[in-house]
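Below is one structure, written out as structure tokens, with a few remarks after it.
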Amino acid sequence: MKLRTFFLLLLAAVAAPAAAQNGCDGRLCFANNLDPFFDRLAQSRRDSGRPVHILQIGDSHTAGDMITNGWREALRQRYGHGGRGVLAAGRPYGGYLTWGVTASQTDGWEVNGIFGRAYANYGRPVGLSGFSQTARNTGESMGISADTPDQSFDRIIVCGIAEPGAGSVSLRLGFTTEEMDFDAPQRHTECKTVDTPYPQLGASLTTLDDRIVTITSFATMRQQGGVVLSNVGVSGSQLVHFNRNSDEVVRAELTEYRPDLIAIAFGTNEGFSQSLTPSEFEADLRNQVNRIRRLAGRDVPILIIGAPDAQTQSTALADNFGSPQSCGTGWYTPTLLGEIRSRQRRVAREMGLAFWDWNEAMGGRCSADRWRNDDLMRGDRVHFNQRGGARIGRMLFDDLERAAANHRG
């Protein structure tokens with residue numbers, strides 16, 4: 001009995017340093033780097049104090065809002081509704097989805113984006129949302145309406161480009177109307193907040209003259225209490241494309257929106273790339289983390305969401321960093337995906353970030369088959385439907401809650 005006890009103690013002594021060195025508790029690694037965010041959550045109230053703000057940037061998984069909405073709803077139930085958060089202005093593309101609110105705009109807006117058909121190398125400046133919208137005529141408008149009363153808001157924030165000769169807009173929130181003039185001696189990003197005494201179901205912006213107006217983001221929030229989860233993503237984009245937005249605009253928006261946590265959710269498109277190398281991706285990731293910290297002007301907690309499992313029927317696409325890995329069903333996992341995920345984890349460990357293993361949450365390599373068969377993913381075995389997104393978002397929420405409880409405990 002004594003010998004058995006000795007070996008159990010020896011095993012525990014060996015295992016404890018190994019676990020500490022690994023820094024992971026299940027799917028979540030290096031959670032101690034999120035301690036300032038956990039402190040903000042612990043201090044938050046449903047109806048008082050500045051709302052806790054989470055800002056997620058990423059690709060189509062973020063833009064489609066399936067996963068982020070699942071995470072958002074879990075946060076709302078636990079901490080209260082703080083607003084819908086930061087959005088691209090208007091409807092920058094067909095099929096633009098915004099759970100909880102509906103976006104609208106007139107036809108006279110011209111879009112610029114960091115990727116895809118909207119991207120123009122010398123186009124108008126773009127900020128955090130990945131898009132900007134420009135009007136040159138009187139009476140052009142865009143708006144946001146809450147889908148249900150519990151999605152109402154009593155604050156809107158609009159950011160745009162102030163510059164010589166720029167026009168002005170009318171901002172309306174419920175029965176409150178204020179004017180915002182973008183004419184300025186030098187180009188810079190201007191943000192304006194409009195508040196009302198009571199929550200409203202709609203807000204709008206309308207141009208007042210024929211001078212140029214460029215809007216970079218439009219946020220709806222609550223003045224007091226709750227949690228806000230903003231999802232700003234561009235379908236098809238990679239992390240390197242995030243560098244196409246303006247430093248000046250991003251700095252101003254980060255200062256205005258002041259996120260308490262930034263989640264970086266790229267990696268899927270990189271994992272399918274036929275030209276990217278793991279070392280190039282790692283360099284991009286390190287550069288963008290440093291850039292975000294510099295533009296934020298503070299050491300904001302950052303969570304890297306590792307790339308999920310995804311599949312293709314094309315062996316040519318899957319053969320991008322070694323022999324294709326068959327899932328036995330005519331589908332293959334791109335070999336580069338695992339390398340991208342490995343680099344994400346390493347950067348998190350070395351740069352003081354947290355890392356969440358989305359692939360592990362799904363069940364590991366080839367798990368997209370099961371998720372598709374369970375009607376949680378779309379037929380492309382890359383994107384998630386609403387049920388699948390809700391499940392992933394809840395998993396992420398639960399893992400962060402456990403880490404927050406451990407921190408408080």
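Residue numbers start at 1 in each chain; chains themselves are named A, B, ... in the order of the structure tokens; ligands are numbered from 1 in the order shown.
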**Study point:** Near-stretch 83-90 of chain A list (7 Å; only C-alpha atoms; drop same-chain fewer than 6 positions) as a ChimeraX atom specification
**Key:** /A:103-105,129,131-133,142-143,151,153,215-222,228-230,232
Dump of N, CA, C and O atoms for the selected residues, as a PDB file, in the first residue's frame:
ATOM      1  N   ALA A 103     -30.056  45.230 -41.207  1.00  0.00           N
ATOM      2  CA  ALA A 103     -29.415  46.404 -41.797  1.00  0.00           C
ATOM      3  C   ALA A 103     -30.067  46.722 -43.141  1.00  0.00           C
ATOM      4  O   ALA A 103     -30.518  45.832 -43.864  1.00  0.00           O
ATOM      5  N   SER A 104     -30.086  48.015 -43.491  1.00  0.00           N
ATOM      6  CA  SER A 104     -30.666  48.446 -44.766  1.00  0.00           C
ATOM      7  C   SER A 104     -29.893  49.638 -45.298  1.00  0.00           C
ATOM      8  O   SER A 104     -29.158  50.304 -44.560  1.00  0.00           O
ATOM      9  N   GLN A 105     -30.059  49.931 -46.591  1.00  0.00           N
ATOM     10  CA  GLN A 105     -29.448  51.111 -47.189  1.00  0.00           C
ATOM     11  C   GLN A 105     -30.094  51.399 -48.526  1.00  0.00           C
ATOM     12  O   GLN A 105     -30.715  50.528 -49.144  1.00  0.00           O
ATOM     13  N   SER A 129     -14.248  47.009 -39.600  1.00  0.00           N
ATOM     14  CA  SER A 129     -15.307  46.179 -40.175  1.00  0.00           C
ATOM     15  C   SER A 129     -14.897  45.495 -41.466  1.00  0.00           C
ATOM     16  O   SER A 129     -15.541  44.540 -41.894  1.00  0.00           O
ATOM     17  N   PHE A 131     -15.002  46.962 -44.340  1.00  0.00           N
ATOM     18  CA  PHE A 131     -15.718  47.636 -45.418  1.00  0.00           C
ATOM     19  C   PHE A 131     -15.891  49.117 -45.068  1.00  0.00           C
ATOM     20  O   PHE A 131     -15.924  49.494 -43.900  1.00  0.00           O
ATOM     21  N   SER A 132     -16.024  49.939 -46.105  1.00  0.00           N
ATOM     22  CA  SER A 132     -16.499  51.307 -45.928  1.00  0.00           C
ATOM     23  C   SER A 132     -17.517  51.581 -47.017  1.00  0.00           C
ATOM     24  O   SER A 132     -17.522  50.929 -48.067  1.00  0.00           O
ATOM     25  N   GLN A 133     -18.406  52.541 -46.755  1.00  0.00           N
ATOM     26  CA  GLN A 133     -19.446  52.903 -47.715  1.00  0.00           C
ATOM     27  C   GLN A 133     -19.384  54.401 -47.957  1.00  0.00           C
ATOM     28  O   GLN A 133     -19.294  55.192 -47.010  1.00  0.00           O
ATOM     29  N   MET A 142     -28.842  54.828 -44.636  1.00  0.00           N
ATOM     30  CA  MET A 142     -28.644  53.458 -44.171  1.00  0.00           C
ATOM     31  C   MET A 142     -29.226  53.375 -42.767  1.00  0.00           C
ATOM     32  O   MET A 142     -29.327  54.382 -42.065  1.00  0.00           O
ATOM     33  N   GLY A 143     -29.656  52.181 -42.390  1.00  0.00           N
ATOM     34  CA  GLY A 143     -30.305  52.060 -41.096  1.00  0.00           C
ATOM     35  C   GLY A 143     -30.115  50.705 -40.451  1.00  0.00           C
ATOM     36  O   GLY A 143     -29.665  49.743 -41.087  1.00  0.00           O
ATOM     37  N   GLN A 151     -33.702  43.128 -28.359  1.00  0.00           N
ATOM     38  CA  GLN A 151     -32.491  43.525 -29.075  1.00  0.00           C
ATOM     39  C   GLN A 151     -32.392  45.045 -29.209  1.00  0.00           C
ATOM     40  O   GLN A 151     -31.545  45.548 -29.956  1.00  0.00           O
ATOM     41  N   PHE A 153     -31.740  49.127 -28.347  1.00  0.00           N
ATOM     42  CA  PHE A 153     -30.502  49.817 -27.970  1.00  0.00           C
ATOM     43  C   PHE A 153     -30.819  51.280 -27.682  1.00  0.00           C
ATOM     44  O   PHE A 153     -31.782  51.842 -28.212  1.00  0.00           O
ATOM     45  N   ILE A 215     -18.548  56.270 -44.532  1.00  0.00           N
ATOM     46  CA  ILE A 215     -18.824  55.689 -43.222  1.00  0.00           C
ATOM     47  C   ILE A 215     -18.043  54.376 -43.115  1.00  0.00           C
ATOM     48  O   ILE A 215     -18.114  53.522 -44.006  1.00  0.00           O
ATOM     49  N   THR A 216     -17.304  54.211 -42.016  1.00  0.00           N
ATOM     50  CA  THR A 216     -16.484  53.010 -41.842  1.00  0.00           C
ATOM     51  C   THR A 216     -17.097  51.984 -40.902  1.00  0.00           C
ATOM     52  O   THR A 216     -16.782  50.791 -40.990  1.00  0.00           O
ATOM     53  N   SER A 217     -17.950  52.409 -39.965  1.00  0.00           N
ATOM     54  CA  SER A 217     -18.601  51.451 -39.063  1.00  0.00           C
ATOM     55  C   SER A 217     -19.810  52.102 -38.407  1.00  0.00           C
ATOM     56  O   SER A 217     -19.926  53.325 -38.337  1.00  0.00           O
ATOM     57  N   PHE A 218     -20.711  51.242 -37.927  1.00  0.00           N
ATOM     58  CA  PHE A 218     -21.979  51.682 -37.337  1.00  0.00           C
ATOM     59  C   PHE A 218     -22.264  50.721 -36.185  1.00  0.00           C
ATOM     60  O   PHE A 218     -22.425  49.520 -36.404  1.00  0.00           O
ATOM     61  N   ALA A 219     -22.313  51.216 -34.953  1.00  0.00           N
ATOM     62  CA  ALA A 219     -22.501  50.343 -33.794  1.00  0.00           C
ATOM     63  C   ALA A 219     -23.796  50.665 -33.068  1.00  0.00           C
ATOM     64  O   ALA A 219     -24.190  51.828 -32.959  1.00  0.00           O
ATOM     65  N   THR A 220     -24.476  49.639 -32.573  1.00  0.00           N
ATOM     66  CA  THR A 220     -25.631  49.802 -31.708  1.00  0.00           C
ATOM     67  C   THR A 220     -25.316  49.146 -30.377  1.00  0.00           C
ATOM     68  O   THR A 220     -24.896  47.993 -30.322  1.00  0.00           O
ATOM     69  N   MET A 221     -25.522  49.878 -29.281  1.00  0.00           N
ATOM     70  CA  MET A 221     -25.156  49.383 -27.956  1.00  0.00           C
ATOM     71  C   MET A 221     -26.139  49.859 -26.906  1.00  0.00           C
ATOM     72  O   MET A 221     -27.012  50.671 -27.185  1.00  0.00           O
ATOM     73  N   ARG A 222     -25.991  49.312 -25.718  1.00  0.00           N
ATOM     74  CA  ARG A 222     -26.667  49.816 -24.534  1.00  0.00           C
ATOM     75  C   ARG A 222     -25.678  50.683 -23.751  1.00  0.00           C
ATOM     76  O   ARG A 222     -24.480  50.391 -23.720  1.00  0.00           O
ATOM     77  N   VAL A 228     -21.378  42.953 -24.967  1.00  0.00           N
ATOM     78  CA  VAL A 228     -21.489  43.168 -26.414  1.00  0.00           C
ATOM     79  C   VAL A 228     -20.493  42.250 -27.106  1.00  0.00           C
ATOM     80  O   VAL A 228     -19.328  42.195 -26.720  1.00  0.00           O
ATOM     81  N   LEU A 229     -20.951  41.519 -28.110  1.00  0.00           N
ATOM     82  CA  LEU A 229     -20.044  40.723 -28.939  1.00  0.00           C
ATOM     83  C   LEU A 229     -20.157  41.198 -30.380  1.00  0.00           C
ATOM     84  O   LEU A 229     -21.159  40.957 -31.050  1.00  0.00           O
ATOM     85  N   SER A 230     -19.132  41.913 -30.843  1.00  0.00           N
ATOM     86  CA  SER A 230     -19.093  42.430 -32.211  1.00  0.00           C
ATOM     87  C   SER A 230     -18.382  41.432 -33.113  1.00  0.00           C
ATOM     88  O   SER A 230     -17.292  40.968 -32.784  1.00  0.00           O
ATOM     89  N   VAL A 232     -16.840  41.221 -36.850  1.00  0.00           N
ATOM     90  CA  VAL A 232     -16.485  41.933 -38.071  1.00  0.00           C
ATOM     91  C   VAL A 232     -15.592  41.003 -38.903  1.00  0.00           C
ATOM     92  O   VAL A 232     -14.441  40.767 -38.570  1.00  0.00           O
TER      93      VAL A 232
END
Exercise for review: Assign secondary structure with DSSP using the backbone only, and return the residues of stretch 270-365 of chain A in strand (DSSP E) as a list of chain:residue names.
Suggested key: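 Here are the strand (DSSP E) residues of stretch 270-365 of chain A: A:Ile302, A:Leu303, A:Ile304, A:Ile305, A:Gln325, A:Ser326, A:Tyr332, A:Thr333, A:Ala354, A:Phe355, A:Trp356.
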Keeping only C-alpha atoms, take the residues you just selected and write them out as a PDB file, in the first residue's frame.
ATOM      1  CA  ILE A 302      -6.283  38.627 -27.231  1.00  0.00           C
ATOM      2  CA  LEU A 303      -7.762  35.181 -27.895  1.00  0.00           C
ATOM      3  CA  ILE A 304      -6.693  33.244 -30.980  1.00  0.00           C
ATOM      4  CA  ILE A 305      -9.426  30.890 -32.152  1.00  0.00           C
ATOM      5  CA  GLN A 325      -5.113  13.025 -45.569  1.00  0.00           C
ATOM      6  CA  SER A 326      -8.153  10.951 -46.501  1.00  0.00           C
ATOM      7  CA  TYR A 332      -9.810  15.104 -47.464  1.00  0.00           C
ATOM      8  CA  THR A 333      -8.484  17.475 -44.817  1.00  0.00           C
ATOM      9  CA  ALA A 354      -4.870  32.694 -25.212  1.00  0.00           C
ATOM     10  CA  PHE A 355      -5.629  29.900 -27.703  1.00  0.00           C
ATOM     11  CA  TRP A 356      -8.866  27.971 -28.166  1.00  0.00           C
TER      12      TRP A 356
END
Practice item. Please identify all polymer residues within 12 Å of A:Gly167, counting only C-alpha atoms, omitting same-chain residues fewer than 2 positions from it, and present them as number ranges by chain. Key: A: 134-140, 160-165, 169-170, 179-184, 206-215
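Those residues of stretch 325-357 of chain A that DSSP, working from the backbone, places in alpha helix (DSSP H) are A:Thr335, A:Leu336, A:Leu337, A:Gly338, A:Glu339, A:Ile340, A:Arg341, A:Ser342, A:Arg343, A:Gln344, A:Arg345, A:Arg346, A:Val347, A:Ala348, A:Arg349, A:Glu350, A:Met351.
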Check your understanding: Within 12 Å of A:Phe175, counting only C-alpha atoms, which residues qualify if same-chain residues fewer than 6 places away don't, as a count of residues only?
Key -> 12
Quick one: residues within 7 Å of A:Gln224, only C-alpha atoms counted, chain neighbours fewer than 2 positions away excluded, as a PDB file with N, CA, C and O atoms, in the first residue's frame?
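File around_23.pdb, as written:
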ATOM      1  N   ASP A  47     -27.378  45.869 -15.548  1.00  0.00           N
ATOM      2  CA  ASP A  47     -28.048  47.144 -15.795  1.00  0.00           C
ATOM      3  C   ASP A  47     -27.255  48.357 -15.343  1.00  0.00           C
ATOM      4  O   ASP A  47     -27.812  49.437 -15.166  1.00  0.00           O
ATOM      5  N   SER A  48     -25.956  48.194 -15.138  1.00  0.00           N
ATOM      6  CA  SER A  48     -25.154  49.348 -14.742  1.00  0.00           C
ATOM      7  C   SER A  48     -23.712  49.150 -15.173  1.00  0.00           C
ATOM      8  O   SER A  48     -23.245  48.024 -15.363  1.00  0.00           O
ATOM      9  N   GLY A  49     -23.016  50.275 -15.337  1.00  0.00           N
ATOM     10  CA  GLY A  49     -21.612  50.216 -15.733  1.00  0.00           C
ATOM     11  C   GLY A  49     -21.438  50.032 -17.233  1.00  0.00           C
ATOM     12  O   GLY A  49     -22.360  49.632 -17.948  1.00  0.00           O
ATOM     13  N   ARG A  50     -20.252  50.349 -17.714  1.00  0.00           N
ATOM     14  CA  ARG A  50     -19.955  50.205 -19.137  1.00  0.00           C
ATOM     15  C   ARG A  50     -20.087  48.749 -19.559  1.00  0.00           C
ATOM     16  O   ARG A  50     -19.568  47.856 -18.895  1.00  0.00           O
ATOM     17  N   PRO A  51     -20.775  48.468 -20.676  1.00  0.00           N
ATOM     18  CA  PRO A  51     -20.882  47.086 -21.132  1.00  0.00           C
ATOM     19  C   PRO A  51     -19.510  46.472 -21.411  1.00  0.00           C
ATOM     20  O   PRO A  51     -18.589  47.160 -21.861  1.00  0.00           O
ATOM     21  N   ARG A 222     -25.991  49.312 -25.718  1.00  0.00           N
ATOM     22  CA  ARG A 222     -26.667  49.816 -24.534  1.00  0.00           C
ATOM     23  C   ARG A 222     -25.678  50.683 -23.751  1.00  0.00           C
ATOM     24  O   ARG A 222     -24.480  50.391 -23.720  1.00  0.00           O
TER      25      ARG A 222
END
Practice item. Between atom CA of A:Cys159 and atom CA of A:Asn69, measure the distance and give it in Å to one decimal. Key: 23.5 Å
**Study point:** Pick from A:Arg72, A:Arg78, A:Arg298, A:His53, whichever lies nearest to A:Trp99 using only C-alpha atoms
**Key:**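 Of A:Arg72, A:Arg78, A:Arg298, A:His53, the one nearest A:Trp99 is A:Arg72, counting only C-alpha atoms.
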Review point. Excluding same-chain residues fewer than 2 positions from A:Arg40, what lies within 10 Å of it counting only C-alpha atoms, as a ChimeraX atom specification?
Key: /A:35-38,42-45,50-53,260-261
